[in-house]
Every structure is written in structure tokens, then in C-alpha cells.
>>> print(open('work.txt').read())   # compact mmCIF, C-alpha atoms
# COMPACT_ATOMS: atom_id res chain seq x y z
CA MET A 85 -26.73 41.24 -151.21
CA PHE A 86 -24.55 44.24 -150.32
CA TYR A 87 -26.00 47.73 -150.36
CA LYS A 88 -24.77 51.20 -149.51
CA LYS A 89 -27.31 52.83 -147.21
CA ILE A 90 -27.55 56.58 -146.72
CA VAL A 91 -30.31 57.74 -144.37
CA ARG A 92 -31.47 61.35 -144.72
CA ASN A 93 -35.25 61.28 -144.95
CA GLU A 94 -36.86 58.00 -143.91
CA ASN A 95 -40.06 58.92 -145.74
CA ASN A 96 -38.34 59.46 -149.09
CA TRP A 97 -36.30 56.49 -150.36
CA LEU A 98 -34.42 56.11 -153.64
CA ILE A 99 -33.19 52.69 -154.82
CA LEU A 100 -30.26 52.59 -157.28
CA LEU A 101 -29.93 49.47 -159.45
CA HIS A 102 -26.81 48.97 -161.58
CA GLY A 103 -26.34 47.21 -164.92
CA LEU A 104 -24.50 44.07 -166.04
CA GLN A 105 -21.10 45.71 -166.51
CA ALA A 106 -21.02 47.66 -163.26
CA ASN A 107 -21.76 47.80 -159.54
CA HIS A 108 -23.37 50.41 -157.29
CA SER A 109 -20.43 52.81 -157.68
CA ILE A 110 -21.54 53.64 -161.23
CA TYR A 111 -23.96 55.98 -159.45
CA LYS A 112 -21.18 58.01 -157.79
CA ASP A 113 -22.19 61.24 -159.54
CA ILE A 114 -25.80 60.84 -158.45
CA LEU A 115 -24.72 60.05 -154.88
CA ALA A 116 -22.70 63.27 -154.84
CA ASP A 117 -25.33 65.54 -156.41
CA GLU A 118 -27.22 68.00 -154.20
CA HIS A 119 -30.62 67.16 -155.72
CA PHE A 120 -30.45 63.63 -154.32
CA SER A 121 -29.67 64.85 -150.80
CA LYS A 122 -33.44 65.00 -150.24
CA PHE A 123 -33.55 61.19 -150.50
CA SER A 124 -32.49 58.35 -148.28
CA ILE A 125 -30.67 55.95 -150.60
CA LEU A 126 -30.04 52.24 -151.05
CA ALA A 127 -27.40 51.68 -153.74
CA ILE A 128 -27.47 47.97 -154.50
CA ASP A 129 -24.76 45.51 -155.51
CA PHE A 130 -26.67 42.58 -157.00
CA ILE A 131 -25.55 39.09 -156.01
CA GLY A 132 -22.37 38.35 -157.97
CA PHE A 133 -21.40 42.02 -158.34
CA GLY A 134 -19.38 44.56 -156.39
CA LYS A 135 -19.17 43.72 -152.69
CA SER A 136 -21.92 41.09 -152.75
CA ALA A 137 -21.27 37.35 -152.49
CA LYS A 138 -20.57 35.53 -155.75
CA PRO A 139 -21.75 31.93 -155.28
CA GLU A 140 -21.05 29.66 -158.26
CA GLU A 141 -24.23 27.65 -157.63
CA SER A 142 -26.55 30.67 -158.01
CA THR A 143 -28.73 30.89 -161.12
CA TYR A 144 -28.26 34.70 -161.32
CA ASP A 145 -31.78 34.86 -162.73
CA LEU A 146 -33.31 38.33 -162.68
CA ALA A 147 -36.34 37.06 -160.76
CA GLU A 148 -34.05 35.72 -158.02
CA GLN A 149 -32.25 39.07 -157.82
CA SER A 150 -35.65 40.76 -157.54
CA LYS A 151 -36.68 38.39 -154.75
CA SER A 152 -33.49 39.16 -152.80
CA LEU A 153 -34.03 42.89 -153.29
CA ILE A 154 -37.62 42.70 -152.01
CA GLY A 155 -36.26 40.89 -148.95
CA ILE A 156 -33.90 43.80 -148.27
CA LEU A 157 -36.66 46.38 -148.71
CA ASN A 158 -38.87 44.47 -146.29
CA ASN A 159 -36.09 43.97 -143.76
CA GLU A 160 -35.26 47.67 -143.90
CA LYS A 161 -38.99 48.46 -143.54
CA ILE A 162 -38.93 50.55 -146.71
CA GLN A 163 -42.53 50.57 -147.84
CA ASN A 164 -42.55 53.13 -150.67
CA PHE A 165 -39.61 54.16 -152.83
CA HIS A 166 -38.35 55.65 -156.08
CA ILE A 167 -36.19 53.60 -158.48
CA ILE A 168 -33.35 54.49 -160.83
CA GLY A 169 -32.22 51.45 -162.80
CA HIS A 170 -29.73 51.02 -165.61
CA SER A 171 -29.80 48.12 -168.10
CA LEU A 172 -29.97 44.89 -166.05
CA GLY A 173 -31.00 46.98 -163.04
CA ALA A 174 -33.85 48.57 -164.95
CA MET A 175 -35.01 45.12 -166.05
CA ILE A 176 -35.12 44.04 -162.42
CA GLY A 177 -36.94 47.31 -161.69
CA MET A 178 -39.61 46.35 -164.23
CA ILE A 179 -39.98 42.96 -162.57
CA LEU A 180 -40.45 44.80 -159.27
CA LEU A 181 -43.24 46.81 -160.92
CA SER A 182 -45.05 43.53 -161.64
CA GLN A 183 -44.56 42.24 -158.09
CA ILE A 184 -44.81 45.21 -155.73
CA GLY A 185 -45.72 48.02 -158.12
CA SER A 186 -48.01 49.71 -155.60
CA ARG A 187 -44.93 50.55 -153.52
CA VAL A 188 -43.01 52.22 -156.39
CA LEU A 189 -43.45 56.01 -156.44
CA SER A 190 -41.47 56.66 -159.62
CA PHE A 191 -39.22 54.75 -161.98
CA VAL A 192 -36.30 56.10 -164.02
CA ASN A 193 -35.37 53.49 -166.64
CA LEU A 194 -31.94 53.89 -168.25
CA GLU A 195 -32.15 51.59 -171.29
CA GLY A 196 -33.53 48.57 -169.48
CA ASN A 197 -33.95 45.93 -172.19
CA MET A 198 -37.60 45.26 -172.96
CA LYS A 199 -37.13 42.95 -175.93
CA ILE A 200 -34.35 40.93 -177.53
CA GLU A 201 -33.50 43.70 -180.03
CA ASP A 202 -32.44 45.95 -177.14
CA CYS A 203 -29.79 43.56 -175.85
CA GLY A 204 -26.23 44.65 -176.57
CA GLU A 205 -23.34 42.65 -175.09
CA SER A 206 -25.71 39.97 -173.82
CA LYS A 207 -26.97 39.20 -177.32
CA LYS A 208 -23.43 38.34 -178.42
CA LEU A 209 -23.50 35.46 -175.94
CA GLU A 210 -26.56 33.85 -177.51
CA SER A 211 -24.56 31.34 -179.52
CA LEU A 212 -21.58 30.94 -177.17
CA ALA A 213 -21.05 27.90 -174.98
CA CYS A 214 -19.96 28.71 -171.43
CA THR A 215 -16.41 27.38 -171.99
CA GLU A 216 -15.97 29.46 -175.15
CA PHE A 217 -17.17 32.54 -173.29
CA GLN A 218 -14.86 31.87 -170.33
CA ASN A 219 -11.74 30.99 -172.32
CA GLU A 220 -11.99 33.42 -175.22
CA TYR A 221 -14.75 36.00 -175.29
CA TYR A 222 -14.68 37.36 -171.74
CA PRO A 223 -10.88 37.74 -171.41
CA SER A 224 -10.82 39.45 -174.82
CA LEU A 225 -13.62 41.85 -173.86
CA LYS A 226 -11.92 42.84 -170.60
CA ASN A 227 -8.54 43.29 -172.29
CA GLU A 228 -10.05 45.45 -175.06
CA LEU A 229 -11.81 47.72 -172.57
CA LEU A 230 -8.84 48.07 -170.22
CA LYS A 231 -6.48 48.99 -173.08
CA SER A 232 -8.89 51.54 -174.56
CA ASN A 233 -8.06 55.24 -174.60
CA ILE A 234 -11.72 56.02 -173.82
CA ALA A 235 -12.22 56.71 -170.12
CA SER A 236 -15.67 55.09 -169.90
CA HIS A 237 -14.32 51.91 -171.52
CA LYS A 238 -11.52 51.66 -168.97
CA ILE A 239 -14.01 52.03 -166.11
CA ARG A 240 -16.15 49.24 -167.59
CA GLY A 241 -13.04 47.06 -167.86
CA GLU A 242 -12.29 47.69 -164.19
CA PHE A 243 -15.85 46.72 -163.29
CA LEU A 244 -15.56 43.52 -165.34
CA ASN A 245 -12.32 42.58 -163.59
CA GLU A 246 -14.39 42.22 -160.40
CA ILE A 247 -17.19 40.16 -162.01
CA PRO A 248 -16.45 36.41 -162.27
CA ASP A 249 -17.01 34.93 -165.71
CA TYR A 250 -19.78 32.60 -164.47
CA VAL A 251 -21.66 35.56 -162.95
CA PHE A 252 -21.51 37.55 -166.18
CA TYR A 253 -22.44 34.55 -168.34
CA LYS A 254 -25.42 33.42 -166.26
CA SER A 255 -26.66 36.98 -165.78
CA ALA A 256 -26.42 37.70 -169.51
CA LYS A 257 -28.30 34.50 -170.30
CA SER A 258 -31.06 35.57 -167.91
CA ILE A 259 -31.18 38.99 -169.58
CA LEU A 260 -31.72 37.23 -172.91
CA ASP A 261 -34.36 34.91 -171.47
CA TRP A 262 -36.34 37.77 -169.94
CA SER A 263 -36.03 39.89 -173.09
CA LYS A 264 -37.49 37.04 -175.12
CA LYS A 265 -40.51 36.74 -172.82
CA ASN A 266 -41.81 40.10 -174.08
CA VAL A 267 -43.36 40.92 -170.71
CA LEU A 268 -41.11 43.72 -169.46
CA GLU A 269 -42.58 46.41 -171.73
CA LYS A 270 -46.03 45.33 -170.49
CA TYR A 271 -44.90 45.71 -166.88
CA PHE A 272 -43.47 49.13 -167.69
CA LEU A 273 -46.63 50.34 -169.41
CA GLU A 274 -48.87 49.00 -166.66
CA ALA A 275 -46.97 50.89 -163.95
CA LYS A 276 -49.13 53.08 -161.75
CA CYS A 277 -46.32 55.55 -161.12
CA PRO A 278 -44.65 58.21 -163.31
CA CYS A 279 -41.90 56.68 -165.45
CA LEU A 280 -38.96 58.25 -167.28
CA LEU A 281 -37.14 56.32 -170.02
CA LEU A 282 -33.66 57.65 -170.83
CA ILE A 283 -32.07 56.56 -174.11
CA GLY A 284 -28.48 57.15 -175.20
CA GLU A 285 -28.22 59.07 -178.48
CA LYS A 286 -25.47 56.75 -179.77
CA GLY A 287 -26.92 53.50 -178.44
CA SER A 288 -28.94 50.73 -180.05
CA PHE A 289 -32.15 50.77 -178.04
CA PHE A 290 -35.22 49.88 -180.09
CA SER A 291 -38.15 49.67 -177.66
CA ASP A 292 -40.53 52.61 -177.85
CA PRO A 293 -43.15 52.21 -175.10
CA LYS A 294 -45.96 54.74 -175.28
CA GLY A 295 -48.14 55.56 -172.29
CA GLU A 296 -49.59 58.61 -170.59
CA HIS A 297 -47.36 58.10 -167.56
CA VAL A 298 -44.19 57.49 -169.63
CA GLU A 299 -41.82 60.33 -170.48
CA LYS A 300 -38.91 59.70 -172.87
CA LYS A 301 -35.71 61.70 -173.19
CA VAL A 302 -32.56 61.22 -175.27
CA ILE A 303 -29.17 61.74 -173.62
CA LYS A 304 -26.85 63.45 -176.10
CA ASN A 305 -23.24 62.42 -176.65
CA SER A 306 -23.69 59.04 -175.03
CA GLY A 307 -24.62 55.46 -175.74
CA HIS A 308 -25.83 52.72 -173.43
CA PHE A 309 -23.37 53.71 -170.68
CA MET A 310 -24.76 57.21 -170.24
CA LEU A 311 -23.95 57.24 -166.51
CA LEU A 312 -20.26 57.15 -167.49
CA GLU A 313 -20.39 59.10 -170.76
CA ASN A 314 -22.67 62.02 -169.90
CA PRO A 315 -23.65 61.86 -166.21
CA ASN A 316 -24.48 65.57 -166.02
CA ALA A 317 -27.16 65.24 -168.69
CA VAL A 318 -28.59 62.16 -166.97
CA ILE A 319 -28.76 63.98 -163.65
CA LYS A 320 -30.38 67.02 -165.27
CA GLU A 321 -33.17 64.91 -166.78
CA ILE A 322 -33.78 62.98 -163.56
CA CYS A 323 -33.89 66.19 -161.52
CA SER A 324 -36.40 67.70 -163.94
CA PHE A 325 -38.53 64.54 -163.81
CA HIS A 326 -38.51 64.41 -160.01
CA THR A 327 -39.26 68.12 -159.71
CA LYS A 328 -42.15 67.91 -162.14
CA ASN A 329 -43.74 64.95 -160.39
CA TYR A 330 -42.93 65.48 -156.72
CA TYR A 331 -41.47 68.82 -155.77
CA GLU A 332 -43.49 71.51 -157.53
>>> encode(input="work.txt", output="C-alpha cells")
Amino acid sequence: MFYKKIVRNENNWLILLHGLQANHSIYKDILADEHFSKFSILAIDFIGFGKSAKPEESTYDLAEQSKSLIGILNNEKIQNFHIIGHSLGAMIGMILLSQIGSRVLSFVNLEGNMKIEDCGESKKLESLACTEFQNEYYPSLKNELLKSNIASHKIRGEFLNEIPDYVFYKSAKSILDWSKKNVLEKYFLEAKCPCLLLIGEKGSFFSDPKGEHVEKKVIKNSGHFMLLENPNAVIKEICSFHTKNYYE
């Protein structure tokens, strides 16, 4: 599993977890923002994505991705850390909460699916056989995004060009499987750390977890891909959340 490592303060780590249609570079605006200069950072490319290996035999199950990530954290001797996770990455972040939650200092969840109703692109794969996805659906999706006049769509298309069809298909199936288990919202609500849930104003996110430690904010003028569509608003909300909980 590849990761970009930036060491600034070894007692203050931030882990960045990308979504299904991306890699760690989707966090470029966060990596460049002054607020985050107070953190040491691990920006992850999950197995199958970005600069990580893409083995065809892998299951690409979210639990396996979580296990690999815990291995990296242990190898790097990172005991306590903050998380920002988008979509698939936020789902893996919620699994981490159930496994090593005592080590998580805060969790920013950018539309991590908690139930099947939250799933967007992944849900469209529910009835597709792998060959149909590989031969028809995936090439069409990439072509549509790359030809779009919308900048965020083009970026997503470029990300998808680097993700093999078997990686996307297996990962999406795991997203569906975990969403159907109805355990991720429980993990989120049982977290012992402060949590921020960011929801895109134009998206289709239906989960509404309520807990004393959970803060919810809506990102205007964006949908599910808020890191591409309105990164400044995302950064503003995260900065406010961090300041309120850690830097007063």
C-alpha cells in the first residue's frame, strides 16, 4: 500500500483516506492548506488505487484494506491519529473505529456510506455481472466523465483511467456488502472521539446519525465529490472542527 508521508509533528498525525473514484491526490488542496501544516500526514493510496499495487487476485474487501492500513500505522509507530475519509475511505475509517477506535483522536467523515441507500455509483453495479461491467458499463462511465465540460467530472475520469476494472468492480461490491450489514452507523455512533459528518448539498446521502459527539455540516454547491467541487468550504468546516476540539 503506497502512502505519501509528510513529517512535521510526530505527535500529531492526520490520515487521509480517499474514495472509490480517486486516489490520495484528491486531497491536494488539504495538503497545501496552512491549517494542516500543524499535522504530520499519511495520505493513503488503497491497494488497487493510485501508486499502490493492483493484484488481480485480491478481494479488495474493505476489511482487508483496513487490515493493511493498520499494518502501516503500526510499522510507522503511529499510535494516535486523526482521520479524514471520503466515501470508501470514510467507510474504512468507520471499520477502523471498530477495531482500533481508542487510537483515533477525531474523525471527519465525508459521505462515507452507512447503509445501502447512501451508495451512489456502487449501487448501479448491484445487478451487473462482472463481464457486463467490464465490457459496457465501466468504459461508458469513463468516456462520459472524460468528455464532460465539468472540471470535477474530468478529474474523476482521469482517476478512473488509472483504476483497473476488476479493482473498481470488486471494491464497489464490497462497498455494497458492507452497506447492507448496517454496522457502519453503529461504529460511527459508538466512536469515543469527536466526529464531523460532511454532506454535499446536491448529493444523495440519506443516513442521519445522531450522537452527542457527532457534528453535521452541509457543503453548499457540491454533491458527493465535495473535495473537487467545493474544497474551500470543506477545508473551512474541517478547520473549524479541529480548532473547536483541539486548538482552542
>>> residues_around(input="work.txt", residues="Thr215 of chain A", least_positions_apart="6", cutoff="12 Å", atoms="only C-alpha atoms", output="list in words")
Leu209, Tyr221, Tyr222, Pro223, Asp249, Tyr250 and Tyr253 of chain A
>>> residues_around(input="work.txt", residues="Ile319 of chain A", least_positions_apart="2", cutoff="10 Å", atoms="all atoms listed in the file", output="list in words")
Asp113, Ile114, Asp117, His119, Phe120, Leu311, Asn314, Pro315, Asn316, Ala317, Glu321, Ile322, Cys323, Ser324 and Phe325 of chain A
>>> closest_residue(input="work.txt", among="A:Glu201, A:Glu242, A:Glu216, A:Glu274", to="Leu230 of chain A", atoms="all atoms listed in the file")
A:Glu242
>>> atom_distance(input="work.txt", atom1="atom CA of Lys257 of chain A", atom2="atom CA of Glu205 of chain A")
10.7 Å
>>> closest_residue(input="work.txt", among="A:Leu244, A:Leu225, A:Ile110, A:Leu194", to="Leu282 of chain A", atoms="all atoms listed in the file")
A:Leu194
>>> closest_residue(input="work.txt", among="A:Ile99, A:Ile303, A:Leu104, A:Ile156", to="Gly241 of chain A", atoms="only C-alpha atoms")
A:Leu104
>>> decode(input="work.txt", residues="segment 260-305 of chain A", atoms="C-alpha atoms", output="tab-separated table (two decimals), in the first residue's frame")
chain	number	residue	atom	x	y	z
A	260	LEU	CA	-22.43	-2.72	-1.18
A	261	ASP	CA	-21.80	-5.69	1.10
A	262	TRP	CA	-20.67	-3.50	3.99
A	263	SER	CA	-23.53	-1.05	3.47
A	264	LYS	CA	-26.00	-3.91	3.72
A	265	LYS	CA	-24.53	-5.10	7.03
A	266	ASN	CA	-25.91	-1.99	8.76
A	267	VAL	CA	-22.98	-1.88	11.19
A	268	LEU	CA	-21.09	1.20	10.00
A	269	GLU	CA	-23.51	3.72	11.50
A	270	LYS	CA	-23.21	1.81	14.79
A	271	TYR	CA	-19.42	2.04	14.64
A	272	PHE	CA	-19.68	5.76	13.91
A	273	LEU	CA	-22.07	6.43	16.78
A	274	GLU	CA	-20.02	4.36	19.21
A	275	ALA	CA	-16.84	6.32	18.48
A	276	LYS	CA	-15.13	7.76	21.54
A	277	CYS	CA	-13.71	10.69	19.60
A	278	PRO	CA	-15.29	13.86	18.15
A	279	CYS	CA	-16.76	13.19	14.70
A	280	LEU	CA	-17.73	15.54	11.88
A	281	LEU	CA	-20.03	14.35	9.08
A	282	LEU	CA	-19.90	16.47	5.92
A	283	ILE	CA	-22.73	16.10	3.41
A	284	GLY	CA	-22.88	17.56	-0.09
A	285	GLU	CA	-25.90	19.82	-0.64
A	286	LYS	CA	-26.58	18.29	-4.07
A	287	GLY	CA	-25.80	14.69	-3.16
A	288	SER	CA	-27.99	11.73	-2.27
A	289	PHE	CA	-26.84	10.87	1.23
A	290	PHE	CA	-29.62	9.56	3.45
A	291	SER	CA	-28.00	8.47	6.73
A	292	ASP	CA	-28.63	10.83	9.63
A	293	PRO	CA	-26.63	9.59	12.63
A	294	LYS	CA	-27.37	11.45	15.84
A	295	GLY	CA	-24.98	11.47	18.78
A	296	GLU	CA	-23.54	13.94	21.25
A	297	HIS	CA	-20.08	13.61	19.72
A	298	VAL	CA	-21.34	13.92	16.10
A	299	GLU	CA	-21.43	17.27	14.34
A	300	LYS	CA	-23.06	17.54	10.89
A	301	LYS	CA	-22.48	20.20	8.26
A	302	VAL	CA	-23.75	20.64	4.70
A	303	ILE	CA	-21.29	21.70	1.99
A	304	LYS	CA	-23.04	24.12	-0.36
A	305	ASN	CA	-22.73	23.96	-4.14
